[in-house]
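Visitor: File model-v7.cif follows (mmCIF, C-alpha atoms and all ligand atoms):
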```cif
data_data
loop_
_atom_site.label_atom_id
_atom_site.label_comp_id
_atom_site.auth_asym_id
_atom_site.auth_seq_id
_atom_site.Cartn_x
_atom_site.Cartn_y
_atom_site.Cartn_z
CA MET A 10 8.22 1.65 20.04
CA HIS A 11 10.86 4.12 19.08
CA SER A 12 12.93 4.78 16.04
CA GLN A 13 16.61 3.88 16.17
CA ASN A 14 17.32 5.87 13.04
CA HIS A 15 18.54 9.38 12.78
CA TYR A 16 18.60 11.15 9.45
CA PRO A 17 21.97 13.00 9.29
CA VAL A 18 21.20 16.65 8.56
CA MET A 19 23.02 18.53 5.74
CA LEU A 20 25.19 15.53 5.02
CA ASN A 21 26.41 16.72 1.60
CA GLU A 22 27.29 20.14 2.96
CA VAL A 23 29.24 18.60 5.86
CA MET A 24 31.12 16.26 3.52
CA ASP A 25 32.02 19.13 1.16
CA MET A 26 33.30 21.24 4.05
CA PHE A 27 35.67 18.49 5.14
CA ALA A 28 36.66 17.34 1.63
CA GLN A 29 37.71 20.89 0.73
CA ALA A 30 39.92 21.30 3.79
CA ASP A 31 43.63 21.73 3.15
CA ILE A 32 44.88 18.77 5.19
CA GLU A 33 47.91 16.77 4.17
CA ASN A 34 47.48 13.66 6.25
CA PRO A 35 45.21 11.06 4.53
CA SER A 36 44.72 9.04 7.75
CA HIS A 37 42.75 11.77 9.45
CA ASN A 38 41.77 12.06 13.06
CA TYR A 39 38.07 12.84 13.07
CA LEU A 40 36.34 13.98 16.25
CA ASP A 41 32.56 13.67 16.35
CA GLY A 42 31.47 15.71 19.38
CA THR A 43 27.80 14.73 19.07
CA PHE A 44 27.89 11.14 17.85
CA GLY A 45 24.12 10.38 18.12
CA ARG A 46 23.49 7.37 15.90
CA GLY A 47 26.70 7.90 13.94
CA GLY A 48 25.01 8.97 10.69
CA HIS A 49 27.59 11.61 9.82
CA ALA A 50 30.41 9.43 11.15
CA ARG A 51 29.42 6.51 8.90
CA ALA A 52 29.38 8.73 5.80
CA LEU A 53 32.79 10.20 6.67
CA ILE A 54 34.26 6.73 7.08
CA ASP A 55 32.94 5.81 3.63
CA ARG A 56 34.58 8.92 2.20
CA PHE A 57 37.87 8.67 4.17
CA PRO A 58 38.26 4.93 4.96
CA GLU A 59 41.60 5.45 6.71
CA LEU A 60 40.32 7.86 9.31
CA SER A 61 40.43 7.26 13.04
CA LEU A 62 37.14 8.13 14.66
CA TYR A 63 36.98 9.66 18.14
CA ALA A 64 33.41 10.10 19.32
CA LEU A 65 31.69 11.78 22.25
CA ASP A 66 28.07 11.89 23.31
CA LYS A 67 26.41 12.70 26.61
CA ASP A 68 23.87 9.93 26.11
CA LYS A 69 24.59 6.39 27.29
CA GLU A 70 22.36 4.90 24.60
CA ALA A 71 24.34 6.64 21.86
CA ILE A 72 27.56 5.21 23.31
CA GLU A 73 26.15 1.64 23.44
CA HIS A 74 24.86 1.96 19.90
CA GLY A 75 28.26 3.26 18.71
CA LYS A 76 30.14 0.39 20.33
CA GLU A 77 27.92 -2.10 18.55
CA GLN A 78 27.91 -0.28 15.24
CA PHE A 79 31.69 0.13 15.01
CA ALA A 80 32.85 -2.96 16.91
CA GLN A 81 35.21 -4.03 14.13
CA ARG A 82 36.78 -0.57 13.85
CA ALA A 83 37.22 -0.51 17.63
CA LYS A 84 39.09 -3.82 17.45
CA ASN A 85 41.38 -2.28 14.83
CA LYS A 86 41.99 0.73 17.11
CA LYS A 87 40.24 3.07 14.68
CA PHE A 88 37.18 3.83 16.80
CA PHE A 89 37.02 5.27 20.30
CA ILE A 90 33.93 6.54 22.09
CA GLU A 91 33.29 8.11 25.51
CA GLN A 92 30.21 9.34 27.36
CA ALA A 93 31.15 12.97 27.91
CA SER A 94 30.32 16.47 26.76
CA PHE A 95 32.38 17.89 23.93
CA ALA A 96 33.02 20.79 26.34
CA SER A 97 35.17 18.43 28.43
CA LEU A 98 37.32 17.23 25.52
CA ASP A 99 40.51 18.38 27.24
CA LYS A 100 39.79 16.07 30.17
CA VAL A 101 39.00 13.11 27.88
CA ILE A 102 42.26 13.70 25.99
CA GLU A 103 44.17 13.67 29.25
CA ASP A 104 42.37 10.72 30.87
CA LYS A 105 42.07 8.48 27.80
CA HIS A 106 45.24 9.52 25.97
CA TRP A 107 43.32 10.60 22.88
CA PRO A 108 45.25 12.61 20.22
CA ALA A 109 45.90 16.26 21.06
CA LYS A 110 44.97 17.45 17.54
CA TYR A 111 42.21 16.66 15.01
CA ASP A 112 41.83 17.28 11.28
CA MET A 113 38.04 17.37 11.29
CA ILE A 114 35.62 18.09 14.10
CA LEU A 115 31.83 18.02 13.85
CA LEU A 116 29.13 19.27 16.21
CA ASP A 117 25.57 18.48 15.16
CA LEU A 118 23.77 20.01 18.11
CA GLY A 119 20.48 19.29 19.81
CA VAL A 120 18.69 15.99 20.23
CA SER A 121 18.59 12.92 17.99
CA SER A 122 15.43 11.36 16.60
CA PRO A 123 15.67 8.32 18.93
CA GLN A 124 15.87 10.68 21.93
CA LEU A 125 12.84 12.66 20.74
CA ASP A 126 10.80 9.61 19.86
CA GLN A 127 11.25 7.79 23.16
CA GLY A 128 8.56 8.99 25.55
CA SER A 129 10.60 7.86 28.56
CA ARG A 130 13.26 10.51 27.81
CA GLY A 131 10.70 13.31 28.24
CA PHE A 132 11.92 15.54 25.41
CA SER A 133 8.72 15.80 23.42
CA PHE A 134 5.16 16.91 24.08
CA TYR A 135 4.05 14.50 21.37
CA HIS A 136 5.00 11.52 23.55
CA GLN A 137 3.73 10.78 27.03
CA GLY A 138 6.56 10.41 29.54
CA PRO A 139 8.24 11.77 32.67
CA LEU A 140 9.47 15.38 32.59
CA ASP A 141 13.09 14.34 32.32
CA MET A 142 14.89 15.84 29.26
CA ARG A 143 18.40 14.84 30.33
CA MET A 144 20.75 13.88 27.53
CA ASP A 145 23.17 12.53 30.13
CA GLN A 146 21.20 10.11 32.30
CA ARG A 147 23.75 10.62 35.13
CA ALA A 148 23.10 14.37 35.42
CA PRO A 149 21.30 15.51 38.58
CA LEU A 150 18.93 18.16 37.16
CA THR A 151 15.68 17.19 35.39
CA ALA A 152 12.94 19.34 33.85
CA GLU A 153 10.61 18.07 36.57
CA GLU A 154 12.79 19.63 39.25
CA ILE A 155 12.86 22.98 37.46
CA ILE A 156 9.08 23.03 36.95
CA ASN A 157 8.22 21.99 40.52
CA TYR A 158 10.92 23.70 42.59
CA TRP A 159 12.35 26.74 40.81
CA SER A 160 10.96 30.15 41.82
CA GLU A 161 8.44 32.14 39.79
CA GLU A 162 11.17 34.66 38.83
CA GLU A 163 13.56 31.91 37.71
CA LEU A 164 10.87 30.31 35.55
CA VAL A 165 10.02 33.65 33.92
CA ASP A 166 13.72 34.23 33.23
CA ILE A 167 14.40 30.87 31.61
CA PHE A 168 11.29 30.96 29.39
CA ARG A 169 12.16 34.50 28.29
CA ASP A 170 15.94 34.07 27.91
CA TYR A 171 16.15 30.51 26.57
CA GLY A 172 12.71 30.02 25.03
CA GLU A 173 12.46 33.57 23.67
CA VAL A 174 8.85 33.75 24.93
CA PHE A 175 7.97 37.43 25.12
CA ARG A 176 5.37 37.15 27.93
CA PRO A 177 5.61 33.87 29.83
CA TYR A 178 3.67 35.19 32.86
CA ASN A 179 0.35 33.37 32.34
CA VAL A 180 2.06 30.03 31.90
CA VAL A 181 4.30 30.56 34.91
CA LYS A 182 1.34 31.58 37.08
CA SER A 183 -0.52 28.43 36.02
CA ILE A 184 2.54 26.30 36.86
CA ILE A 185 2.78 27.87 40.34
CA ARG A 186 -0.96 27.36 40.93
CA GLU A 187 -0.94 23.78 39.64
CA ARG A 188 2.12 22.62 41.54
CA LYS A 189 0.55 23.67 44.84
CA LYS A 190 -2.09 20.98 44.22
CA GLY A 191 0.42 18.25 43.37
CA SER A 192 3.58 17.81 41.37
CA ILE A 193 3.65 18.36 37.60
CA SER A 194 5.47 15.27 36.52
CA SER A 195 4.71 14.28 32.93
CA THR A 196 5.20 15.81 29.50
CA SER A 197 1.43 15.79 28.98
CA ASP A 198 0.79 17.48 32.37
CA LEU A 199 2.99 20.36 31.29
CA SER A 200 1.99 20.61 27.64
CA GLY A 201 -1.72 20.43 28.60
CA LEU A 202 -1.28 23.17 31.16
CA ILE A 203 0.48 25.42 28.62
CA GLU A 204 -2.17 24.72 26.01
CA ARG A 205 -4.93 25.68 28.46
CA SER A 206 -3.09 28.84 29.59
CA VAL A 207 -2.22 30.38 26.24
CA GLY A 208 -4.07 28.40 23.56
CA TRP A 209 -2.90 27.83 19.99
CA LYS A 210 -1.67 31.01 18.28
CA LYS A 211 -0.03 29.61 15.17
CA LYS A 212 -1.40 26.69 13.21
CA GLY A 213 1.04 23.77 13.22
CA LYS A 214 3.15 25.12 16.11
CA HIS A 215 2.28 23.59 19.47
CA PRO A 216 2.06 26.34 22.13
CA ALA A 217 4.47 24.34 24.35
CA THR A 218 7.28 24.34 21.74
CA GLN A 219 9.32 27.23 23.11
CA TYR A 220 8.73 26.27 26.75
CA PHE A 221 10.01 22.74 26.13
CA MET A 222 12.98 24.14 24.21
CA ALA A 223 13.89 26.44 27.10
CA LEU A 224 13.75 23.60 29.62
CA ARG A 225 15.88 21.34 27.43
CA LEU A 226 18.54 24.00 26.97
CA VAL A 227 18.72 24.62 30.73
CA VAL A 228 18.61 20.96 31.83
CA ASN A 229 21.51 20.11 29.51
CA ARG A 230 23.47 23.37 29.85
CA GLU A 231 23.42 23.45 26.07
CA LEU A 232 24.39 27.10 25.50
CA GLU A 233 27.05 27.02 28.22
CA ASP A 234 28.55 23.81 26.80
CA LEU A 235 28.57 25.35 23.34
CA LYS A 236 30.44 28.50 24.43
CA GLU A 237 33.03 26.55 26.41
CA GLY A 238 33.21 23.74 23.87
CA LEU A 239 33.88 25.91 20.81
CA GLN A 240 36.89 27.48 22.53
CA ALA A 241 38.25 24.08 23.53
CA LEU A 242 37.68 22.54 20.09
CA MET A 243 39.18 25.32 17.97
CA LYS A 244 42.48 24.90 19.82
CA ARG A 245 42.45 21.19 19.02
CA LEU A 246 42.48 21.57 15.22
CA VAL A 247 45.60 20.93 13.18
CA PRO A 248 46.61 23.83 10.91
CA GLY A 249 44.18 23.79 7.98
CA GLY A 250 41.79 21.57 9.99
CA ARG A 251 38.08 22.37 10.10
CA LEU A 252 35.38 22.53 12.74
CA VAL A 253 31.84 22.28 11.36
CA VAL A 254 28.84 23.15 13.54
CA ILE A 255 25.15 22.58 12.79
CA THR A 256 22.71 24.45 15.03
CA PHE A 257 18.92 24.33 15.31
CA HIS A 258 18.27 27.37 17.47
CA SER A 259 18.91 31.07 16.81
CA LEU A 260 20.63 31.55 20.18
CA GLU A 261 23.10 28.78 19.32
CA ASP A 262 23.79 30.13 15.85
CA ARG A 263 24.48 33.58 17.29
CA ILE A 264 27.09 32.09 19.64
CA VAL A 265 28.80 30.11 16.85
CA LYS A 266 28.88 33.12 14.51
CA GLN A 267 30.37 35.39 17.17
CA VAL A 268 32.98 32.92 18.43
CA PHE A 269 34.16 32.04 14.91
CA LYS A 270 34.39 35.69 13.88
CA THR A 271 36.46 36.78 16.84
CA SER A 272 38.74 33.78 17.28
CA GLU A 273 42.48 34.22 17.17
CA TYR A 274 42.99 30.59 16.10
CA GLY A 275 41.55 30.86 12.62
CA LYS A 276 38.68 32.17 10.56
CA PRO A 277 35.16 31.29 9.39
CA VAL A 278 35.12 29.38 6.10
CA ASN A 279 31.80 30.76 4.86
CA LYS A 280 30.72 34.35 5.47
CA LYS A 281 27.06 33.52 5.01
CA VAL A 282 25.40 30.78 7.00
CA ILE A 283 24.61 27.59 5.01
CA LYS A 284 21.06 26.21 5.09
CA PRO A 285 19.56 22.92 3.90
CA THR A 286 18.30 22.65 0.35
CA ARG A 287 14.57 22.85 -0.32
CA GLU A 288 14.62 19.12 -1.16
CA GLU A 289 16.14 18.24 2.21
CA GLU A 290 13.65 20.44 4.04
CA LEU A 291 10.80 18.63 2.31
CA GLU A 292 12.30 15.22 2.99
CA ASN A 293 13.20 15.84 6.64
CA LYS A 294 11.10 18.38 8.50
CA ARG A 295 13.60 18.52 11.35
CA SER A 296 16.24 20.00 9.03
CA ARG A 297 14.21 23.17 8.47
CA SER A 298 15.80 25.15 11.28
CA ALA A 299 19.32 23.85 10.63
CA LYS A 300 22.20 26.28 10.04
CA LEU A 301 25.77 25.28 9.26
CA ARG A 302 28.93 27.26 9.95
CA ALA A 303 32.51 26.13 9.50
CA PHE A 304 35.78 27.33 10.96
CA GLU A 305 39.30 26.74 9.69
CA ARG A 306 42.46 26.78 11.77
CA ILE A 307 45.08 28.98 10.18
CA ILE A 308 48.59 27.69 9.50
CA GLU A 309 50.56 28.72 12.59
CA GLN A 310 52.94 31.32 11.12
CA SER A 311 50.11 33.22 9.44
CA LEU A 312 47.91 33.13 12.56
CA LYS A 313 49.07 36.40 14.05
CA GLN A 314 49.16 38.22 10.69
CA GLU A 315 45.61 37.13 9.84
CA PHE A 316 44.29 38.06 13.29
CA ASP A 317 45.97 41.49 13.14
CA LYS A 318 44.57 42.09 9.67
CA ARG A 319 41.04 41.31 10.79
CA HIS A 320 41.21 43.17 14.08
CA GLY A 321 43.51 46.08 13.26
CA GLY A 322 46.31 44.78 15.50
CA ARG A 323 43.99 44.45 18.52
CA HIS A 324 44.48 41.41 20.76
CA GLU A 325 41.84 40.28 23.24
C1 LIG B 401 21.42 15.73 16.43
S1 LIG B 401 22.11 14.41 17.32
C2 LIG B 401 23.55 13.98 16.40
C3 LIG B 401 23.24 13.05 15.28
C4 LIG B 401 24.45 12.50 14.54
N1 LIG B 401 25.19 13.53 13.85
C5 LIG B 401 24.01 11.43 13.57
O1 LIG B 401 24.13 11.63 12.35
O2 LIG B 401 23.55 10.37 14.00
C6 LIG B 401 22.81 15.22 18.70
C7 LIG B 401 23.50 14.31 19.69
O3 LIG B 401 24.41 15.10 20.43
C8 LIG B 401 24.37 14.77 21.78
N2 LIG B 401 24.80 15.98 22.49
C9 LIG B 401 24.19 17.16 22.59
N3 LIG B 401 24.92 18.04 23.28
C10 LIG B 401 26.07 17.39 23.61
C11 LIG B 401 27.26 17.76 24.31
N4 LIG B 401 27.41 18.97 24.85
N5 LIG B 401 28.25 16.85 24.40
C12 LIG B 401 28.11 15.60 23.88
N6 LIG B 401 27.00 15.19 23.23
C13 LIG B 401 26.01 16.07 23.09
C14 LIG B 401 22.95 14.33 22.03
O4 LIG B 401 22.90 13.44 23.12
C15 LIG B 401 22.59 13.66 20.70
O5 LIG B 401 22.85 12.28 20.76
#
```
Starting from the file, lay out its structure as structure tokens.
Guide:
Amino acid sequence: MHSQNHYPVMLNEVMDMFAQADIENPSHNYLDGTFGRGGHARALIDRFPELSLYALDKDKEAIEHGKEQFAQRAKNKKFFIEQASFASLDKVIEDKHWPAKYDMILLDLGVSSPQLDQGSRGFSFYHQGPLDMRMDQRAPLTAEEIINYWSEEELVDIFRDYGEVFRPYNVVKSIIRERKKGSISSTSDLSGLIERSVGWKKKGKHPATQYFMALRLVVNRELEDLKEGLQALMKRLVPGGRLVVITFHSLEDRIVKQVFKTSEYGKPVNKKVIKPTREEELENKRSRSAKLRAFERIIEQSLKQEFDKRHGGRHE
């Protein structure tokens, strides 16, 4: 059994960000770069019924769900969906003749509840399953391959750099020892091994949390996609258009903050990061680590002036 529902995080904040944008065209082009189960998309359609929805997701199941959910809109040529990373938007635009510019773009990063809850996807140590963790089922690299074939040094590096584990040595040594006896192939093999190597340090936080996070980020090239994707997406906004990004990991938020601050295409909408309300955090535990940042494309003629003002005339 797995849940097919995904609670859209910071929905009111996302809606406000788009509703306050200075866009003249009422029949907006909305690009959802991380469609998931279409929770945010559905709410935006309710708010802006005329909009055309262009959706991307790496996950085949999200695409199938989207096609079913918005079949009528698709018939009316108001809904288009492709299985691709938002980092390859330029290619999708070229291949599928999608619009070159969008009024609203949303990235709600990470995994969806249905992905987490399905043991067979291998994302969670709470569900027994293969060590897979691929969002895109066509991708060649799985977590199992990393755990069983990557070198000791590479494992230390990914757990330190992506999982922010200060000393991953004991866990890595246990992995190397264990895999000599036979392959480590399930989520419970790995989470059990980590639990035995380092034990529980913090009540309520499974010791495998950061290790699983690191593997997921590497398997799906999440940070790399984000860096490349933000650049590609900012260029695709109409003047006054907005790009809203929700992150769940400090490394991701750091990237978004930096890219928005130094972009020559526009400026951040909010100086301070926006977080979920206390009520939302209580209602949906997953929202607790969420952070929202928004970016606005500047009207063309004022682009250079604004950039010079912020950077003292320096161009990168
Ligand atoms: C948190 S969920 C999005 C939920 C969605 N906003 C909703 O309300 O239903 C994240 C989704 O983004 C997808 N995803 C993550 N990184 C992606 C990328 N680089 N390109 C396309 N899809 C991505 C995942 O497969 C997952 O379905």
Visitor: With distances taken over only C-alpha atoms, which residue among A:Asp117, A:Asp25, A:Glu187, A:Asp112 lies nearest Leu65 (chain A)?
Guide: A:Asp117
Visitor: Take every atom of ligand LIG 401 (chain B) listed in the file, fit an axis-aligned box around them, add 5 Å per side, and give the centre and edge lengths in Å to one decimal as AutoDock Vina command-line options.
Guide:
```
--center_x 24.8 --center_y 14.7 --center_z 18.6 --size_x 16.8 --size_y 18.6 --size_z 22.5
```
Visitor: Which is closer to ligand LIG 401 (chain B) than all the others in A:Glu22, A:Asp41, A:Glu204, A:Glu161, using all atoms listed in the file?
Guide: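 Smallest separation from ligand LIG 401 (chain B) among the options: A:Asp41.
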Visitor: Here is a test: counting all atoms listed in the file, which residue of A:Arg295, A:Gly250, A:Leu164, A:Arg169 is nearest to ligand LIG 401 (chain B)?
Guide: A:Arg295
Visitor: Using only C-alpha atoms and all ligand atoms, find each protein or nucleic acid residue lying at most 6 Å from ligand LIG 401 (chain B); present the set as a ChimeraX atom specification.
Guide: /A:15,17,42-49,65-68,71,93-95,117-121,144,234
Visitor: Which of these, A:Asn179, A:Thr196, A:Gln78, A:Asn279, has the shortest distance to Lys266 (chain A) once you count all atoms listed in the file?
Guide: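 Once distances to Lys266 (chain A) are computed over all atoms listed in the file, the minimum belongs to A:Asn279.
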Visitor: Between A:Ser61, A:Gln29, A:Asn14, A:Ser195, single out the one closest to Gln137 (chain A), counting all atoms listed in the file.
Guide: A:Ser195
Visitor: Calculate how many Å separate CA of Phe269 (chain A) from CA of Leu239 (chain A), rounding to one decimal.
Guide: 8.5 Å
Visitor: For Pro177 (chain A), which of A:Tyr220, A:Trp107, A:Ser36, A:His74 is the closest residue, counting all atoms listed in the file?
Guide: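 Nearest candidate to Pro177 (chain A) out of A:Tyr220, A:Trp107, A:Ser36, A:His74: A:Tyr220.
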Visitor: Could you pull the residues within 10 Å of Ala52 (chain A), counting all atoms listed in the file, minus those fewer than 5 positions along the same chain, as a compact mmCIF listing (two decimals) with C-alpha atoms, in the frame of the given file?
Guide:
```txt
# COMPACT_ATOMS: atom_id res chain seq x y z
CA PRO A 17 21.97 13.00 9.29
CA LEU A 20 25.19 15.53 5.02
CA ASN A 21 26.41 16.72 1.60
CA VAL A 23 29.24 18.60 5.86
CA MET A 24 31.12 16.26 3.52
CA GLY A 47 26.70 7.90 13.94
CA PHE A 57 37.87 8.67 4.17
CA PRO A 58 38.26 4.93 4.96
```
Visitor: If I take CA of Ala64 (chain A) and CA of Asp31 (chain A), how far is one from the other in Å, to one decimal?
Guide: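 So the answer is 22.4 Å.
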Visitor: Set the distance at 10 Å and use all atoms listed in the file: which residues neighbour Glu305 (chain A) once local chain neighbours fewer than 6 positions away are removed? I'd like the list as a list in words.
Guide: Met26, Ala30, Asp31, Asp112, Met113, Met243, Leu246, Val247, Pro248, Gly249, Gly250, Arg251, Leu252, Val253, Phe269, Tyr274, Gly275, Lys276, Pro277, Val278 and Asn279 of chain A
Visitor: Got time to write the residues from that selection, C-alpha atoms, as an mmCIF file, in the frame of the given file?
Guide:
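Once everything was written out, this is part-v4.cif:
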```
data_model
loop_
_atom_site.group_PDB
_atom_site.id
_atom_site.type_symbol
_atom_site.label_atom_id
_atom_site.label_comp_id
_atom_site.auth_asym_id
_atom_site.auth_seq_id
_atom_site.Cartn_x
_atom_site.Cartn_y
_atom_site.Cartn_z
ATOM 1 C CA MET A 26 33.300 21.240 4.050
ATOM 2 C CA ALA A 30 39.920 21.300 3.790
ATOM 3 C CA ASP A 31 43.630 21.730 3.150
ATOM 4 C CA ASP A 112 41.830 17.280 11.280
ATOM 5 C CA MET A 113 38.040 17.370 11.290
ATOM 6 C CA MET A 243 39.180 25.320 17.970
ATOM 7 C CA LEU A 246 42.480 21.570 15.220
ATOM 8 C CA VAL A 247 45.600 20.930 13.180
ATOM 9 C CA PRO A 248 46.610 23.830 10.910
ATOM 10 C CA GLY A 249 44.180 23.790 7.980
ATOM 11 C CA GLY A 250 41.790 21.570 9.990
ATOM 12 C CA ARG A 251 38.080 22.370 10.100
ATOM 13 C CA LEU A 252 35.380 22.530 12.740
ATOM 14 C CA VAL A 253 31.840 22.280 11.360
ATOM 15 C CA PHE A 269 34.160 32.040 14.910
ATOM 16 C CA TYR A 274 42.990 30.590 16.100
ATOM 17 C CA GLY A 275 41.550 30.860 12.620
ATOM 18 C CA LYS A 276 38.680 32.170 10.560
ATOM 19 C CA PRO A 277 35.160 31.290 9.390
ATOM 20 C CA VAL A 278 35.120 29.380 6.100
ATOM 21 C CA ASN A 279 31.800 30.760 4.860
#
```
Visitor: Show which residues sit within 8 Å of region 214-217 of chain A, as an MDAnalysis selection string. Count only C-alpha atoms, and ignore same-chain residues fewer than 4 positions away.
Guide: chainID A and resid 134 200 203:204 207:210 221
Visitor: Please, what distance in Å, to one decimal, runs between CA of Ala50 (chain A) and CA of Val268 (chain A)?
Guide: 24.7 Å
